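Raw contents of data_14.cif, mmCIF, C-alpha atoms:
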data_coords
loop_
_atom_site.group_PDB
_atom_site.id
_atom_site.type_symbol
_atom_site.label_atom_id
_atom_site.label_comp_id
_atom_site.auth_asym_id
_atom_site.auth_seq_id
_atom_site.Cartn_x
_atom_site.Cartn_y
_atom_site.Cartn_z
ATOM 1 C CA MET R 5 0.000 0.000 0.000
ATOM 2 C CA ASP R 6 1.411 3.421 -0.850
ATOM 3 C CA LEU R 7 2.177 6.051 1.750
ATOM 4 C CA GLY R 8 -0.756 8.277 0.843
ATOM 5 C CA ASN R 9 -3.226 5.432 1.335
ATOM 6 C CA LEU R 10 -1.603 4.463 4.619
ATOM 7 C CA GLN R 11 -1.886 8.006 5.920
ATOM 8 C CA ARG R 12 -5.483 8.369 4.741
ATOM 9 C CA GLY R 13 -6.311 5.037 6.370
ATOM 10 C CA TYR R 14 -4.721 6.249 9.607
ATOM 11 C CA ILE R 15 -6.761 9.457 9.584
ATOM 12 C CA ASP R 16 -9.987 7.528 8.973
ATOM 13 C CA TYR R 17 -9.164 5.017 11.700
ATOM 14 C CA ILE R 18 -8.255 7.479 14.413
ATOM 15 C CA SER R 19 -11.190 9.736 13.499
ATOM 16 C CA ALA R 20 -13.500 6.777 14.003
ATOM 17 C CA LEU R 21 -11.969 6.055 17.400
ATOM 18 C CA PHE R 22 -12.871 9.573 18.533
ATOM 19 C CA HIS R 23 -16.257 9.525 16.828
ATOM 20 C CA GLU R 24 -17.220 6.198 18.438
ATOM 21 C CA GLY R 25 -16.150 7.426 21.847
ATOM 22 C CA PHE R 26 -13.223 5.077 22.352
ATOM 23 C CA LEU R 27 -10.891 8.042 22.728
ATOM 24 C CA ASP R 28 -11.427 11.566 23.979
ATOM 25 C CA SER R 29 -9.467 14.825 23.987
ATOM 26 C CA GLN R 30 -7.079 13.536 26.657
ATOM 27 C CA PHE R 31 -5.569 11.207 24.036
ATOM 28 C CA THR R 32 -4.915 14.262 21.890
ATOM 29 C CA GLN R 33 -3.169 15.825 24.897
ATOM 30 C CA LEU R 34 -0.839 12.826 25.021
ATOM 31 C CA GLN R 35 -0.114 13.114 21.307
ATOM 32 C CA GLN R 36 0.722 16.789 21.776
ATOM 33 C CA LEU R 37 3.165 15.878 24.550
ATOM 34 C CA GLN R 38 5.048 13.534 22.223
ATOM 35 C CA ASP R 39 8.113 15.189 20.776
ATOM 36 C CA GLU R 40 11.669 14.529 19.594
ATOM 37 C CA SER R 41 12.885 14.119 23.171
ATOM 38 C CA ASN R 42 10.264 11.426 23.741
ATOM 39 C CA PRO R 43 9.067 10.182 20.357
ATOM 40 C CA GLU R 44 7.270 7.152 21.764
ATOM 41 C CA PHE R 45 5.538 8.849 24.677
ATOM 42 C CA VAL R 46 2.020 7.818 23.655
ATOM 43 C CA LEU R 47 3.067 4.212 23.101
ATOM 44 C CA GLU R 48 4.846 4.153 26.469
ATOM 45 C CA VAL R 49 1.824 5.500 28.331
ATOM 46 C CA ALA R 50 -0.512 3.148 26.465
ATOM 47 C CA THR R 51 1.706 0.156 27.262
ATOM 48 C CA LEU R 52 1.723 1.136 30.922
ATOM 49 C CA PHE R 53 -2.059 1.459 30.780
ATOM 50 C CA PHE R 54 -2.439 -2.005 29.227
ATOM 51 C CA GLU R 55 -0.183 -3.684 31.814
ATOM 52 C CA ASP R 56 -1.642 -1.801 34.765
ATOM 53 C CA SER R 57 -5.231 -2.417 33.695
ATOM 54 C CA GLU R 58 -4.775 -6.149 33.121
ATOM 55 C CA LYS R 59 -3.385 -6.449 36.656
ATOM 56 C CA LEU R 60 -6.319 -4.466 38.028
ATOM 57 C CA LEU R 61 -8.869 -6.550 36.122
ATOM 58 C CA ASN R 62 -7.286 -9.758 37.399
ATOM 59 C CA GLU R 63 -7.365 -8.392 40.935
ATOM 60 C CA LEU R 64 -10.988 -7.350 40.483
ATOM 61 C CA SER R 65 -11.956 -10.823 39.279
ATOM 62 C CA ARG R 66 -10.140 -12.417 42.213
ATOM 63 C CA THR R 67 -11.791 -10.059 44.686
ATOM 64 C CA LEU R 68 -15.277 -10.684 43.297
ATOM 65 C CA ASP R 69 -14.683 -14.439 43.351
ATOM 66 C CA GLN R 70 -14.225 -14.469 47.110
ATOM 67 C CA GLN R 71 -17.029 -15.840 49.214
ATOM 68 C CA ALA R 72 -17.080 -12.698 51.331
ATOM 69 C CA VAL R 73 -16.460 -9.966 48.783
ATOM 70 C CA ASP R 74 -14.435 -7.020 50.030
ATOM 71 C CA PHE R 75 -16.400 -4.251 48.330
ATOM 72 C CA LYS R 76 -13.970 -1.592 49.510
ATOM 73 C CA LYS R 77 -11.244 -3.374 47.574
ATOM 74 C CA VAL R 78 -13.511 -3.652 44.536
ATOM 75 C CA ASP R 79 -14.165 0.086 44.702
ATOM 76 C CA ALA R 80 -10.453 0.864 45.086
ATOM 77 C CA HIS R 81 -9.553 -1.199 42.011
ATOM 78 C CA VAL R 82 -12.285 0.401 39.903
ATOM 79 C CA HIS R 83 -11.188 3.840 41.114
ATOM 80 C CA GLN R 84 -7.664 3.120 39.896
ATOM 81 C CA LEU R 85 -8.885 1.888 36.533
ATOM 82 C CA LYS R 86 -11.083 4.951 36.177
ATOM 83 C CA GLY R 87 -8.089 7.180 36.869
ATOM 84 C CA SER R 88 -5.833 5.368 34.422
ATOM 85 C CA SER R 89 -8.357 5.303 31.622
ATOM 86 C CA SER R 90 -9.128 8.979 32.168
ATOM 87 C CA SER R 91 -5.422 9.852 32.018
ATOM 88 C CA ILE R 92 -4.945 8.151 28.668
ATOM 89 C CA GLY R 93 -8.237 9.272 27.144
ATOM 90 C CA ALA R 94 -9.877 5.850 27.030
ATOM 91 C CA GLN R 95 -13.329 7.372 27.383
ATOM 92 C CA ARG R 96 -15.543 4.292 27.175
ATOM 93 C CA VAL R 97 -13.480 2.445 29.769
ATOM 94 C CA LYS R 98 -13.667 5.481 32.038
ATOM 95 C CA ASN R 99 -17.443 5.664 31.602
ATOM 96 C CA VAL R 100 -18.087 2.020 32.466
ATOM 97 C CA CYS R 101 -15.879 2.460 35.542
ATOM 98 C CA ILE R 102 -18.005 5.424 36.616
ATOM 99 C CA ALA R 103 -21.131 3.316 36.074
ATOM 100 C CA PHE R 104 -19.560 0.460 38.041
ATOM 101 C CA ARG R 105 -19.100 2.693 41.059
ATOM 102 C CA ASP R 106 -22.289 4.692 40.792
ATOM 103 C CA ILE R 107 -24.976 2.468 39.398
ATOM 104 C CA CYS R 108 -24.152 -1.202 39.665
ATOM 105 C CA GLU R 109 -25.951 -2.892 42.466
ATOM 106 C CA GLU R 110 -24.029 -5.281 44.648
ATOM 107 C CA THR R 111 -25.645 -8.279 43.022
ATOM 108 C CA ASN R 112 -24.648 -7.054 39.573
ATOM 109 C CA LYS R 113 -20.952 -6.425 40.149
ATOM 110 C CA GLU R 114 -19.991 -9.420 38.000
ATOM 111 C CA GLY R 115 -21.998 -8.030 35.079
ATOM 112 C CA CYS R 116 -20.318 -4.665 35.508
ATOM 113 C CA LEU R 117 -16.916 -6.334 35.575
ATOM 114 C CA GLN R 118 -17.652 -7.997 32.252
ATOM 115 C CA GLN R 119 -18.565 -4.618 30.769
ATOM 116 C CA VAL R 120 -15.324 -3.078 31.994
ATOM 117 C CA LYS R 121 -13.323 -6.007 30.613
ATOM 118 C CA GLN R 122 -15.101 -5.784 27.277
ATOM 119 C CA GLU R 123 -14.434 -2.069 26.895
ATOM 120 C CA PHE R 124 -10.836 -2.419 28.019
ATOM 121 C CA TYR R 125 -9.998 -5.197 25.565
ATOM 122 C CA LEU R 126 -11.792 -3.348 22.793
ATOM 123 C CA VAL R 127 -9.787 -0.139 23.279
ATOM 124 C CA LYS R 128 -6.583 -2.128 23.733
ATOM 125 C CA SER R 129 -7.140 -3.856 20.424
ATOM 126 C CA LYS R 130 -7.987 -0.586 18.683
ATOM 127 C CA LEU R 131 -4.943 1.208 20.060
ATOM 128 C CA GLU R 132 -2.701 -1.688 19.074
ATOM 129 C CA THR R 133 -4.055 -1.385 15.536
ATOM 130 C CA LEU R 134 -3.460 2.366 15.620
ATOM 131 C CA PHE R 135 0.155 1.908 16.700
ATOM 132 C CA ARG R 136 0.605 -0.728 13.978
ATOM 133 C CA LEU R 137 -0.640 1.756 11.385
ATOM 134 C CA GLU R 138 1.834 4.316 12.732
ATOM 135 C CA ARG R 139 4.698 1.849 12.371
ATOM 136 C CA GLN R 140 3.665 1.081 8.788
ATOM 137 C CA ILE R 141 3.612 4.782 7.911
ATOM 138 C CA LEU R 142 7.039 5.343 9.455
ATOM 139 C CA ALA R 143 8.429 2.232 7.732
ATOM 140 C CA ALA R 144 7.174 3.628 4.414
ATOM 141 C CA GLY R 145 9.181 6.782 5.064
ATOM 142 C CA GLY R 146 6.242 8.999 5.951
ATOM 143 C CA SER R 147 5.174 10.943 8.993
ATOM 144 C CA ILE R 148 2.158 10.390 11.210
ATOM 145 C CA PRO R 149 -0.668 12.793 10.258
ATOM 146 C CA ILE R 150 -1.401 15.321 12.975
ATOM 147 C CA MET R 151 -5.052 15.521 13.896
ATOM 148 C CA TRP R 152 -5.153 18.705 15.916
ATOM 149 C CA MET Q 3 18.554 26.380 32.395
ATOM 150 C CA ALA Q 4 17.805 28.511 35.475
ATOM 151 C CA ASN Q 5 19.910 27.820 38.553
ATOM 152 C CA SER Q 6 16.895 27.168 40.673
ATOM 153 C CA MET Q 7 14.038 25.468 38.920
ATOM 154 C CA LEU Q 8 10.623 25.860 40.424
ATOM 155 C CA LEU Q 9 9.588 22.712 42.246
ATOM 156 C CA ALA Q 10 6.115 21.254 42.313
ATOM 157 C CA LEU Q 11 4.741 18.328 44.290
ATOM 158 C CA LEU Q 12 2.202 16.048 42.653
ATOM 159 C CA VAL Q 13 0.156 14.095 45.171
ATOM 160 C CA GLU Q 14 -1.549 11.381 43.141
ATOM 161 C CA ASP Q 15 -2.092 7.675 43.697
ATOM 162 C CA ASN Q 16 -2.527 6.730 40.028
ATOM 163 C CA ALA Q 17 0.757 5.824 38.321
ATOM 164 C CA ILE Q 18 -0.398 6.673 34.821
ATOM 165 C CA ALA Q 19 -1.722 10.046 35.890
ATOM 166 C CA ARG Q 20 1.682 10.740 37.476
ATOM 167 C CA VAL Q 21 3.489 9.905 34.216
ATOM 168 C CA VAL Q 22 1.284 12.246 32.200
ATOM 169 C CA VAL Q 23 1.409 15.148 34.659
ATOM 170 C CA SER Q 24 5.148 14.707 34.999
ATOM 171 C CA LYS Q 25 5.534 15.164 31.226
ATOM 172 C CA LEU Q 26 3.286 18.231 31.331
ATOM 173 C CA MET Q 27 5.396 19.759 34.087
ATOM 174 C CA VAL Q 28 8.685 19.065 32.337
ATOM 175 C CA GLU Q 29 7.300 20.734 29.242
ATOM 176 C CA GLN Q 30 6.555 23.810 31.340
ATOM 177 C CA GLY Q 31 10.061 23.834 32.731
ATOM 178 C CA MET Q 32 9.135 22.808 36.247
ATOM 179 C CA ALA Q 33 10.830 20.217 38.384
ATOM 180 C CA LEU Q 34 8.439 17.730 39.944
ATOM 181 C CA GLU Q 35 8.396 15.431 42.928
ATOM 182 C CA GLU Q 36 5.680 12.871 43.440
ATOM 183 C CA ALA Q 37 3.850 11.473 46.436
ATOM 184 C CA GLU Q 38 1.526 8.489 46.145
ATOM 185 C CA ASN Q 39 -0.844 9.663 48.830
ATOM 186 C CA GLY Q 40 -1.532 12.500 51.223
ATOM 187 C CA LYS Q 41 0.514 10.999 54.052
ATOM 188 C CA ALA Q 42 3.637 10.810 51.857
ATOM 189 C CA ALA Q 43 3.139 14.469 50.941
ATOM 190 C CA VAL Q 44 2.847 15.496 54.585
ATOM 191 C CA GLU Q 45 5.938 13.442 55.466
ATOM 192 C CA SER Q 46 7.890 15.202 52.697
ATOM 193 C CA VAL Q 47 7.083 18.587 54.148
ATOM 194 C CA LYS Q 48 7.765 17.418 57.707
ATOM 195 C CA GLY Q 49 11.129 16.222 56.420
ATOM 196 C CA GLY Q 50 11.967 19.777 55.395
ATOM 197 C CA LYS Q 51 10.902 19.845 51.762
ATOM 198 C CA SER Q 52 9.541 23.070 50.342
ATOM 199 C CA TYR Q 53 7.484 23.429 47.174
ATOM 200 C CA ASP Q 54 6.394 26.250 44.892
ATOM 201 C CA LEU Q 55 3.183 24.478 43.935
ATOM 202 C CA ILE Q 56 1.255 21.447 45.170
ATOM 203 C CA LEU Q 57 -1.154 19.530 42.940
ATOM 204 C CA MET Q 58 -3.408 17.455 45.184
ATOM 205 C CA ASP Q 59 -5.599 14.571 44.106
ATOM 206 C CA ARG Q 60 -8.764 14.029 46.133
ATOM 207 C CA GLU Q 61 -9.340 10.318 46.496
ATOM 208 C CA MET Q 62 -6.236 8.457 47.670
ATOM 209 C CA PRO Q 63 -5.532 5.580 50.023
ATOM 210 C CA VAL Q 64 -3.941 6.102 53.459
ATOM 211 C CA MET Q 65 -4.697 9.853 53.520
ATOM 212 C CA ASP Q 66 -6.985 11.680 51.094
ATOM 213 C CA GLY Q 67 -6.490 15.097 49.554
ATOM 214 C CA HIS Q 68 -8.770 16.993 51.950
ATOM 215 C CA GLU Q 69 -6.915 15.753 55.017
ATOM 216 C CA ALA Q 70 -3.497 16.216 53.452
ATOM 217 C CA THR Q 71 -4.348 19.795 52.513
ATOM 218 C CA LYS Q 72 -5.501 20.512 56.065
ATOM 219 C CA GLN Q 73 -2.335 19.062 57.548
ATOM 220 C CA LEU Q 74 -0.058 20.864 55.104
ATOM 221 C CA ARG Q 75 -1.627 24.208 56.005
ATOM 222 C CA LEU Q 76 -1.279 23.399 59.709
ATOM 223 C CA LEU Q 77 2.398 22.739 59.047
ATOM 224 C CA GLY Q 78 2.654 26.245 57.660
ATOM 225 C CA VAL Q 79 2.794 25.452 53.958
ATOM 226 C CA LYS Q 80 2.121 28.675 52.060
ATOM 227 C CA ALA Q 81 2.503 27.348 48.509
ATOM 228 C CA PRO Q 82 -0.569 27.294 46.298
ATOM 229 C CA ILE Q 83 -2.424 23.993 46.645
ATOM 230 C CA VAL Q 84 -4.489 23.117 43.596
ATOM 231 C CA ALA Q 85 -6.989 20.328 44.106
ATOM 232 C CA LEU Q 86 -7.461 17.916 41.218
ATOM 233 C CA SER Q 87 -10.450 15.638 40.966
ATOM 234 C CA ALA Q 88 -12.644 14.054 38.342
ATOM 235 C CA ASP Q 89 -15.491 14.432 40.818
ATOM 236 C CA THR Q 90 -16.688 18.016 40.593
ATOM 237 C CA GLN Q 91 -19.495 17.881 43.128
ATOM 238 C CA GLN Q 92 -19.779 21.162 45.014
ATOM 239 C CA CYS Q 93 -19.438 19.438 48.378
ATOM 240 C CA HIS Q 94 -15.979 18.146 47.441
ATOM 241 C CA LYS Q 95 -14.922 21.535 46.119
ATOM 242 C CA ASP Q 96 -16.153 23.191 49.330
ATOM 243 C CA LEU Q 97 -14.335 20.677 51.516
ATOM 244 C CA PHE Q 98 -11.114 21.282 49.658
ATOM 245 C CA LEU Q 99 -11.386 25.048 49.856
ATOM 246 C CA GLN Q 100 -12.271 24.846 53.552
ATOM 247 C CA ALA Q 101 -9.225 22.619 54.096
ATOM 248 C CA GLY Q 102 -7.073 25.357 52.606
ATOM 249 C CA ALA Q 103 -6.776 24.608 48.907
ATOM 250 C CA ASP Q 104 -6.530 27.640 46.658
ATOM 251 C CA GLU Q 105 -8.600 26.215 43.872
ATOM 252 C CA PHE Q 106 -10.171 23.139 42.394
ATOM 253 C CA ILE Q 107 -9.473 21.882 38.866
ATOM 254 C CA GLU Q 108 -11.299 19.089 37.096
ATOM 255 C CA LYS Q 109 -9.133 16.142 36.069
ATOM 256 C CA PRO Q 110 -7.451 15.265 33.848
ATOM 257 C CA LEU Q 111 -4.961 18.110 33.981
ATOM 258 C CA THR Q 112 -4.308 19.522 30.507
ATOM 259 C CA LYS Q 113 -1.550 21.659 29.069
ATOM 260 C CA ASP Q 114 -3.843 24.702 28.996
ATOM 261 C CA LYS Q 115 -5.106 24.257 32.552
ATOM 262 C CA LEU Q 116 -1.555 23.865 33.827
ATOM 263 C CA ALA Q 117 -0.409 26.950 31.934
ATOM 264 C CA GLN Q 118 -3.279 28.916 33.501
ATOM 265 C CA ILE Q 119 -2.313 27.711 36.986
ATOM 266 C CA LEU Q 120 1.334 28.577 36.518
ATOM 267 C CA THR Q 121 0.467 32.016 35.183
ATOM 268 C CA LYS Q 122 -2.047 32.688 37.956
ATOM 269 C CA TYR Q 123 0.467 31.903 40.700
ATOM 270 C CA GLY Q 124 3.388 33.617 39.016
ATOM 271 C CA LEU Q 125 5.234 30.378 38.364
ATOM 272 C CA ARG Q 126 5.936 30.736 34.662
ATOM 273 C CA ARG Q 127 9.514 31.214 33.757
ATOM 274 C CA GLY Q 128 10.340 33.574 30.869
ATOM 275 C CA PRO Q 129 10.244 32.268 27.262
#

Translate the structure of the given file into structure tokens.
Amino acid sequence: MDLGNLQRGYIDYISALFHEGFLDSQFTQLQQLQDESNPEFVLEVATLFFEDSEKLLNELSRTLDQQAVDFKKVDAHVHQLKGSSSSIGAQRVKNVCIAFRDICEETNKEGCLQQVKQEFYLVKSKLETLFRLERQILAAGGSIPIMW
Amino acid sequence: MANSMLLALLVEDNAIARVVVSKLMVEQGMALEEAENGKAAVESVKGGKSYDLILMDREMPVMDGHEATKQLRLLGVKAPIVALSADTQQCHKDLFLQAGADEFIEKPLTKDKLAQILTKYGLRRGP
């Protein structure tokens, strides 16, 4: 695929991520912070988010599996995930975390967990695709289109 | 580089938030120290540390932002304390201001919001 098509594909893909609510303006903030002194800043933060979130989701599952569920622990884990997703601009993950804390009844925590997991793995997959597109553009000798 | 960089303290329990704010601060030419909760912030000051600006998260384990703000003011900290929280309910804002915070900013902290804070408190270095 030629460079022009790759770049157009990138623009369409990232535009859709914003339009569908996967990403919000905080992601743009991260992109604006990326510069020559730290050319992989967004990737680094995203990688940290992926690793941190998987640990939190595993902890959440373990906590909810206990016979006597420690709901304070559940709330603490969801609070962390809400903070992380907000910091990276993963809007849909942030929103399901807010719902988890505010709306989900105690008997429905497992259902809420599944929603959080679903949104997390969705945005992870989409960001991984985005970073793959960026690598393809750079490998073709081009530059990543700036969206702001 | 200036001989004495301005020093801020970020009190925030979320690791990813700390990474992002740290980058924002570096971009603005400020040095930054981090504390993972309110108690660590208070201990820093008790240990003799002095800051030009304190960014204080609200909800943290061990000691939350309200309590940490109160204790820092009791210790005689005069630096601006800017509360950061995603929760913008008036009651939380009021509690923070009563505890001694100078203002309340909605998270996440952005480049523009940080620039406004630094300008407001006279913490921007020259171009």

- Message: For a quick test of understanding: name the residues of chain Q lying within 7 Å of chain R when counting all atoms listed in the file, and present them as a PyMOL selection string.
- Response: chain Q and resi 16+18-19+110+112

- Step by step, work through what the PyMOL selection byres ((chain R and resi 64) around 8) selects in the shown file, and finish by giving those residues as an NGL selection string. :R and (60-63 or 65-68 or 78 or 81-82 or 117)

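Once the PyMOL selection byres ((chain R and resi 12) around 12) is applied to this file, the selection holds Met5, Asp6, Leu7, Gly8, Asn9, Leu10, Gln11, Gly13, Tyr14, Ile15, Asp16, Tyr17, Ile18, Ser19, Leu137, Glu138, Ile141, Gly146, Ser147, Ile148, Pro149, Ile150 and Met151 of chain R.
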
- Task: List, as a PyMOL selection string, every residue that the PyMOL selection byres ((chain Q and resi 88-103) around 9) selects in the file provided.
- Result: (chain R and resi 87+90) or (chain Q and resi 58+60+67-75+82-87+104-110)

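Each of Q:Tyr123, Q:Asp54, Q:Glu29, Q:Glu38 was checked against Ala10 of chain Q using only C-alpha atoms; the smallest atom-to-atom distance is that of Q:Asp54.
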
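All protein, DNA and RNA residues at most 10 Å from (5.4, 22.2, 30.1) are Leu37 of chain R; Val23, Ser24, Lys25, Leu26, Met27, Val28, Glu29, Gln30, Gly31, Met32, Lys113, Asp114, Leu116, Ala117, Leu120 and Arg126 of chain Q, using all atoms listed in the file.
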
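Rounded to one decimal, atom CA of Glu14 of chain Q and atom CA of Asn39 of chain Q lie 6.0 Å from each other.
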
Mind working out the centre and edge lengths of an axis-aligned box for segment 64-70 of chain Q, all listed atoms inside, 5 Å added to each side, rounded to one decimal in Å and written as AutoDock Vina command-line options?
--center_x -6.1 --center_y 11.5 --center_z 52.3 --size_x 15.3 --size_y 20.9 --size_z 15.5

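Taking atom CA of Phe26 of chain R and atom CA of Phe124 of chain R as endpoints, the distance between them is 9.7 Å.
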
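For segment 48-51 of chain Q, the non-local neighbours within 10 Å, defined as residues at least 4 positions apart in the same chain or in other chains and counting all atoms listed in the file, are Leu11, Ala42, Ala43, Val44, Leu74 and Leu77 of chain Q.
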
Output C-alpha atoms of each residue in that selection to a file, as a CSV table (one decimal), keeping the file's coordinate frame.
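part_16.csv was written with the following content:
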chain,number,residue,atom,x,y,z
Q,11,LEU,CA,4.7,18.3,44.3
Q,42,ALA,CA,3.6,10.8,51.9
Q,43,ALA,CA,3.1,14.5,50.9
Q,44,VAL,CA,2.8,15.5,54.6
Q,74,LEU,CA,-0.1,20.9,55.1
Q,77,LEU,CA,2.4,22.7,59.0

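Interatomic distance, atom CA of Gly78 of chain Q against atom CA of Gln118 of chain Q: 25.0 Å.
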
- May I ask which of the residues R:Asp79, R:Val73, R:Arg96, R:His23 is the closest one to Val127 of chain R, counting all atoms listed in the file? R:Arg96
